[in-house]
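Worksheet for the structure shown next.
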Amino acid sequence: MKKIRSNSISSTAAQQRRASVLDSGRKGCDPDLIPHRGSISGTLVTLLPPDKDQDLALSRLLSDSETMKYLTFMTRPSGFTKRDAADRRMARDQRQQQQKELVNYTIAIKRSKVPRKLLHSIGDDEYLAAHKVPVDAGEVDMDEPYVVVGCCGLNNIDLGNRCAEAGIILDARFWRSGVSTEALYLTLKFGFETLCLHRIGLQTTEENIGMRGWMERVVGVPVECVRKEVLYLGNDSYRDSWDYAVFDHQWYLSVEKSLRARVASTA
């Protein structure tokens, strides 16, 4: 009885915190809250709107076998050209700006914030020049050279049912560096606290032990289901999808605090 009562109180507290977000003047599930060109600044990373000057960097990432080894269902046999990356960017921009189906970010790290142990692995030609990036709210001052290390965001946004899916592609050189945790923390925070979503799903594969461990040990949620043979690899080959989900009450009760502490510990 005591355990049931404790869960009930916790659920009520979570609902009160969620209601405070709605009462703060940010209308949940309003399509106008999906940005045309959004940006979020973190401690380590800056989430930028995709731009044409990032196309070459994204084509390299999408073509890198180590970066994409758990995402082979998204790869192409001959890799991605700069033109391919541009076409992908423009198609996703349309889905964001017109259909309101996704929120897409490029993960950028300023040179001074690149972990010291990784500096030697980044060529000078990989850095983009310092400049001001136009965004809906004005501009983001990338006041020093920066490197594109991936992309992340929300996909398949269903505002009517308050659901979406989160995803990330990260340069393999930056795995286990704290980048993915902060990028996904900022993405989830936007989804729950700005869009006021109820459920955000994340999908991975059985082989991706790192992502599964992050979801289960860091986020603290178990696998929700395993969908058999839904990811087509080509040549009549399929892969299972391991599906996870975070709910708004979990976010407000524990997940937000846990991820925020994790980000702070790697800063």
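By order of appearance in the structure tokens: chains A, B, ..., then residues from 1 within every chain, and ligands from 1 in the order shown.
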task = Fewer than 2 positions away in the same chain doesn't count, so skip those; otherwise give me all residues within 12 Å of Gly234 of chain A, counting only C-alpha atoms, as a list of chain:residue names.
result = A:Thr72, A:Phe73, A:Met74, A:Thr75, A:Arg76, A:Pro77, A:Glu229, A:Val230, A:Leu231, A:Tyr232, A:Asp236, A:Ser237, A:Tyr238, A:Arg239
task = For Thr46 of chain A, list every protein, DNA or RNA residue within 9 Å, evaluated using only C-alpha atoms, and leave out those in the same chain fewer than 4 positions away; present the list as number ranges by chain.
result = A: 39-42, 106-110, 142, 183
Those same residues - N, CA and C atoms - I'd like them written as a PDB file, in the first residue's frame.
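Writing the result to again-v7.pdb gives the following:
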ATOM      1  N   SER A  39      17.577  26.738 -32.921  1.00  0.00           N
ATOM      2  CA  SER A  39      18.916  26.552 -32.364  1.00  0.00           C
ATOM      3  C   SER A  39      18.816  26.441 -30.855  1.00  0.00           C
ATOM      4  N   ILE A  40      19.671  25.597 -30.289  1.00  0.00           N
ATOM      5  CA  ILE A  40      19.759  25.454 -28.841  1.00  0.00           C
ATOM      6  C   ILE A  40      21.228  25.414 -28.461  1.00  0.00           C
ATOM      7  N   SER A  41      21.618  26.225 -27.509  1.00  0.00           N
ATOM      8  CA  SER A  41      23.008  26.255 -27.051  1.00  0.00           C
ATOM      9  C   SER A  41      23.150  25.478 -25.757  1.00  0.00           C
ATOM     10  N   GLY A  42      24.116  24.560 -25.736  1.00  0.00           N
ATOM     11  CA  GLY A  42      24.405  23.797 -24.535  1.00  0.00           C
ATOM     12  C   GLY A  42      25.769  24.153 -23.989  1.00  0.00           C
ATOM     13  N   THR A 106      21.716  20.361 -36.606  1.00  0.00           N
ATOM     14  CA  THR A 106      23.101  19.946 -36.811  1.00  0.00           C
ATOM     15  C   THR A 106      23.828  20.110 -35.480  1.00  0.00           C
ATOM     16  N   ILE A 107      24.617  19.108 -35.095  1.00  0.00           N
ATOM     17  CA  ILE A 107      25.376  19.174 -33.849  1.00  0.00           C
ATOM     18  C   ILE A 107      26.741  19.785 -34.155  1.00  0.00           C
ATOM     19  N   ALA A 108      27.005  20.948 -33.580  1.00  0.00           N
ATOM     20  CA  ALA A 108      28.266  21.654 -33.819  1.00  0.00           C
ATOM     21  C   ALA A 108      29.020  21.845 -32.509  1.00  0.00           C
ATOM     22  N   ILE A 109      30.345  21.805 -32.584  1.00  0.00           N
ATOM     23  CA  ILE A 109      31.193  22.047 -31.413  1.00  0.00           C
ATOM     24  C   ILE A 109      32.261  23.068 -31.797  1.00  0.00           C
ATOM     25  N   LYS A 110      32.352  24.135 -31.036  1.00  0.00           N
ATOM     26  CA  LYS A 110      33.397  25.131 -31.279  1.00  0.00           C
ATOM     27  C   LYS A 110      34.766  24.529 -30.977  1.00  0.00           C
ATOM     28  N   MET A 142      28.481  32.044 -33.855  1.00  0.00           N
ATOM     29  CA  MET A 142      29.545  31.035 -33.795  1.00  0.00           C
ATOM     30  C   MET A 142      30.847  31.809 -33.951  1.00  0.00           C
ATOM     31  N   ALA A 183      23.328  16.405 -26.566  1.00  0.00           N
ATOM     32  CA  ALA A 183      22.491  16.649 -27.732  1.00  0.00           C
ATOM     33  C   ALA A 183      21.100  16.056 -27.547  1.00  0.00           C
TER      34      ALA A 183
END
In segment 29-138 of chain A, DSSP helix (DSSP H, G or I) residues written as JSON, numbers by chain = {"A": [31, 32, 33, 52, 53, 54, 55, 56, 57, 58, 59, 60, 61, 62, 63, 72, 73, 74, 82, 83, 84, 85, 86, 87, 88, 89, 90, 91, 92, 93, 94, 95, 96, 97, 111, 112, 113, 116, 117, 118, 119, 120, 121, 124, 125, 126]}
message = For the strand (DSSP E) assignment from backbone DSSP, which residues of segment 121-206 of chain A qualify? Please present them as a PyMOL selection string.
response = chain A and resi 127-128+131-135+138-142+146-158+163-170+199-204
